[in-house]
2 protein chains.
Amino acid sequence: MSRKYHHGDLRRALVAAGLEILREEGLAALSLRACAARAGVSHAAPRNHFDGVSGLISALRAEGFRRHTAAMRAGMASEPHDRRHIGALRGYVGFAMEQPDLYRLMFAHPMPGVSDDELEIAAGGSFEVLMDISEGLDWPKSGDVPCNVNTWMMLWSFAHGIADLTIGGQFGKCEAALGYMPDLEQVFPGFGYAGPR
Amino acid sequence: MSRKYHHGDLRRALVAAGLEILREEGLAALSLRACAARAGVSHAAPRNHFDGVSGLISALRAEGFRRHTAAMRAGMASEPHDRRHIGALRGYVGFAMEQPDLYRLMFAHPMPGVSDDELEIAAGGSFEVLMDISEGLDWPKSGDVPCNVNTWMMLWSFAHGIADLTIGGQFGKCEAALGYMPDLEQVFPGFGYAGPR
DNA sequence: AGCAAAAAGTTGACGGTGACAACTTTACTC
DNA sequence: GAGTAAAGTTGTCACCGTCAACTTTTTGCT
């Protein structure tokens, strides 16, 4: 028999199926049963690998954050050092626009009481990139706020705002009125590179 | 009979029930049948007033935008004129933190092909406030970008980013590390009032 | 006033979904 | 090789959105 009773790597297959569904059919079509069907497995099989649908979603979010981190790192590498934050932001927004449903899922409400080490670590990767590019940026610090909290909160809020509003189609009326979409650097020329500390 | 066969204002009652559910039980608990039950009506009654669940959601989003607009206008009124943008931003973020599930719903993906005049008008109200407070703000304009597109895109992205990341608990690690949450003005001191044009 | 039609609400059914229980098949270990 | 744990299957239940068929009330027309 070519078809084994045991799948061999069903967990990975289910995550891959989930990513496909998010890409091709959107968040509304994501379900445990649909993933199971894509993996060629019965509807209850996923329960051996995930703690219900929230477990599957945690795994998808973790994979999303890993790819998100990679997209930002790639963007950083594509720019000279004093413009690496621009590259990272482009990577950030580009990822969100390419995989809007996955991005939305990543930043959805955390279910109360649900904690997942894999997810924590993966999300920490994206967090770290934002910390990295905050270093050396010239953004006003006020008062006694330690480190560069202001800078990365600003960066992150800006990046997430642009990404999420774009995904949600909220800039549509702007684009319709202007005939084009302002570039990221046009909208936000406020960051300047101040050199390494 | 004290109980009329016809409800009288079922549409309004269903929207109110939906808002209650979003507040008390969260987005996951929102359903047509749950709203119908809260309104004391059979499970199929809502179909006479909404085009399925997407119609109910459109109505909830519209009501959300109206309240969102009101929150920003109230914030504006609570500050002197040269700080009205700060007040509006506080109103923006405050609304999102008070009604996180409603805010998320408002800015969720628009279903393709779904258009709703009531929703468009309501969302336009929030849009207009952001346009208003952009006027007179001193934010660098670059190149030939007309009006103050840069300023309001920046403002909106910032406000949405702060609000949505806060709702999503993403600043939790920051708050845990610092022991407190940086204030909106600390994070974003970049806007200055430049007086009326 | 009376009647027809439209509006509003009810009941019942269907398929899809998450969750769970009971069972079967495979793999691992001693 | 036997026993056990892991992995997958089938069946069931409750909940959901949607639709169809039906009932009750309101409205509007002559």
# chains A, B, ... in the order shown; residues from 1 in each chain; ligands from 1

call {"tool": "closest_atom_pairs", "arguments": {"of": "chain D", "to": "chain A", "cutoff": "10 Å", "atoms": "only C-alpha atoms (C1' of nucleotides)", "output": "JSON lines"}}
result
{"residue": "D:DA6", "atom": "C1'", "partner": "A:Asn48", "partner_atom": "CA", "distance": 8.7}
{"residue": "D:DA7", "atom": "C1'", "partner": "A:His6", "partner_atom": "CA", "distance": 6.2}
{"residue": "D:DG8", "atom": "C1'", "partner": "A:Ala45", "partner_atom": "CA", "distance": 5.7}
{"residue": "D:DT9", "atom": "C1'", "partner": "A:Ser42", "partner_atom": "CA", "distance": 6.7}
{"residue": "D:DT10", "atom": "C1'", "partner": "A:Ser42", "partner_atom": "CA", "distance": 9.1}

call {"tool": "write_last_selection", "arguments": {"atoms": "C-alpha atoms (C1' of nucleotides)", "output": "mmCIF file, in the first residue's frame"}}
result
data_model
loop_
_atom_site.group_PDB
_atom_site.id
_atom_site.type_symbol
_atom_site.label_atom_id
_atom_site.label_comp_id
_atom_site.auth_asym_id
_atom_site.auth_seq_id
_atom_site.Cartn_x
_atom_site.Cartn_y
_atom_site.Cartn_z
ATOM 1 C "C1'" DA D 6 0.440 7.152 19.526
ATOM 2 C "C1'" DA D 7 -2.173 8.244 15.490
ATOM 3 C "C1'" DG D 8 -6.391 8.067 12.736
ATOM 4 C "C1'" DT D 9 -11.423 6.868 11.981
ATOM 5 C "C1'" DT D 10 -16.293 6.921 12.718
#

call {"tool": "residues_around", "arguments": {"residues": "Leu102 in chain A", "least_positions_apart": "6", "cutoff": "12 Å", "atoms": "only C-alpha atoms (C1' of nucleotides)", "output": "ChimeraX atom specification"}}
result
/A:15,18-28,30,57-68,95-96,108,164,167

call {"tool": "interface_residues", "arguments": {"of": "chain C", "to": "chain B", "cutoff": "8 Å", "atoms": "only C-alpha atoms (C1' of nucleotides)", "output": "MDAnalysis selection string"}}
result
chainID C and resid 8:10

call {"tool": "closest_atom_pairs", "arguments": {"of": "chain B", "to": "chain A", "cutoff": "7 Å", "atoms": "only C-alpha atoms", "output": "tab-separated table"}}
result
residue	atom	partner	partner_atom	distance
B:Phe107	CA	A:Gly168	CA	6.2
B:Ala108	CA	A:Gly168	CA	6.0
B:His109	CA	A:Gly168	CA	4.8
B:Pro110	CA	A:Gly168	CA	6.5
B:Ser142	CA	A:Gln186	CA	6.0
B:Asn150	CA	A:Val187	CA	4.6
B:Met153	CA	A:Val187	CA	6.8
B:Met154	CA	A:Val187	CA	6.2
B:Ser157	CA	A:Gly161	CA	4.0
B:Phe158	CA	A:Phe158	CA	5.0
B:His160	CA	A:Gly161	CA	5.2
B:Gly161	CA	A:Ser157	CA	4.0
B:Ile162	CA	A:Ser157	CA	5.2
B:Gly168	CA	A:His109	CA	4.8
B:Gln186	CA	A:Ser142	CA	6.0
B:Val187	CA	A:Asn150	CA	4.6
B:Phe188	CA	A:Met154	CA	6.7

call {"tool": "select_by_dssp", "arguments": {"residues": "range 2-158 of chain A", "states": "helix (DSSP H, G or I)", "output": "MDAnalysis selection string"}}
result
chainID A and resid 10:24 27:29 32:38 45:48 52:77 81:98 100:106 117:134 149:158

call {"tool": "residues_around", "arguments": {"residues": "DA20 in chain D", "least_positions_apart": "6", "cutoff": "12 Å", "atoms": "only C-alpha atoms (C1' of nucleotides)", "output": "ChimeraX atom specification"}}
result
/B:44 /C:11-14

call {"tool": "select_by_dssp", "arguments": {"residues": "chain B", "states": "strand (DSSP E or B)", "output": "PyMOL selection string"}}
result
chain B and resi 137-138+192-193

call {"tool": "write_last_selection", "arguments": {"atoms": "N, CA and C atoms", "output": "PDB file, in the first residue's frame"}}
result
ATOM      1  N   LEU B 137      -1.625  71.323  11.339  1.00  0.00           N
ATOM      2  CA  LEU B 137      -0.526  70.604  11.963  1.00  0.00           C
ATOM      3  C   LEU B 137       0.736  70.739  11.129  1.00  0.00           C
ATOM      4  N   ASP B 138       1.835  70.868  11.817  1.00  0.00           N
ATOM      5  CA  ASP B 138       3.105  71.066  11.150  1.00  0.00           C
ATOM      6  C   ASP B 138       3.791  69.724  10.976  1.00  0.00           C
ATOM      7  N   GLY B 192       3.532  69.131  15.887  1.00  0.00           N
ATOM      8  CA  GLY B 192       3.461  70.457  16.483  1.00  0.00           C
ATOM      9  C   GLY B 192       2.381  71.256  15.799  1.00  0.00           C
ATOM     10  N   TYR B 193       1.722  72.102  16.571  1.00  0.00           N
ATOM     11  CA  TYR B 193       0.663  72.914  15.993  1.00  0.00           C
ATOM     12  C   TYR B 193       1.277  74.148  15.365  1.00  0.00           C
TER      13      TYR B 193
END

call {"tool": "atom_distance", "arguments": {"atom1": "C1' of DT4 in chain D", "atom2": "C1' of DT29 in chain C"}}
result
8.6 Å

call {"tool": "closest_residue", "arguments": {"among": "A:Val93, A:Val53, A:Ile121, A:Met131", "to": "Met72 in chain A", "atoms": "only C-alpha atoms"}}
result
A:Val93

call {"tool": "atom_distance", "arguments": {"atom1": "C1' of DT26 in chain D", "atom2": "CA of Arg12 in chain B"}}
result
19.3 Å

call {"tool": "residues_around", "arguments": {"residues": "Cys35 in chain B", "least_positions_apart": "3", "cutoff": "7 Å", "atoms": "only C-alpha atoms (C1' of nucleotides)", "output": "compact mmCIF listing (two decimals) with N, CA and C atoms, in the first residue's frame"}}
result
# COMPACT_ATOMS: atom_id res chain seq x y z
N LEU B 14 -31.77 44.54 17.72
CA LEU B 14 -30.76 43.56 17.34
C LEU B 14 -29.37 44.20 17.34
N ALA B 17 -28.38 44.49 20.88
CA ALA B 17 -27.99 43.17 21.40
C ALA B 17 -26.59 42.81 20.92
N GLY B 18 -26.31 43.10 19.66
CA GLY B 18 -24.97 42.81 19.12
C GLY B 18 -23.89 43.57 19.85
N SER B 31 -23.38 36.24 17.11
CA SER B 31 -24.06 35.47 16.07
C SER B 31 -25.47 36.01 15.91
N LEU B 32 -26.02 35.78 14.74
CA LEU B 32 -27.39 36.21 14.49
C LEU B 32 -28.34 35.59 15.51
N ARG B 38 -31.32 37.43 22.46
CA ARG B 38 -31.32 38.58 23.37
C ARG B 38 -32.51 39.49 23.15
N ALA B 39 -32.91 39.59 21.90
CA ALA B 39 -34.05 40.46 21.59
C ALA B 39 -35.38 39.75 21.84

call {"tool": "closest_residue", "arguments": {"among": "B:Ala34, B:Ala16, B:Ile86, B:Met97", "to": "DG17 in chain D", "atoms": "only C-alpha atoms (C1' of nucleotides)"}}
result
B:Ala34

call {"tool": "closest_residue", "arguments": {"among": "A:Leu105, A:Ser54, A:Ala77, A:Ala122", "to": "DG18 in chain C", "atoms": "only C-alpha atoms (C1' of nucleotides)"}}
result
A:Ser54

call {"tool": "atom_distance", "arguments": {"atom1": "CA of Ala29 in chain B", "atom2": "CA of Gly52 in chain A"}}
result
17.0 Å
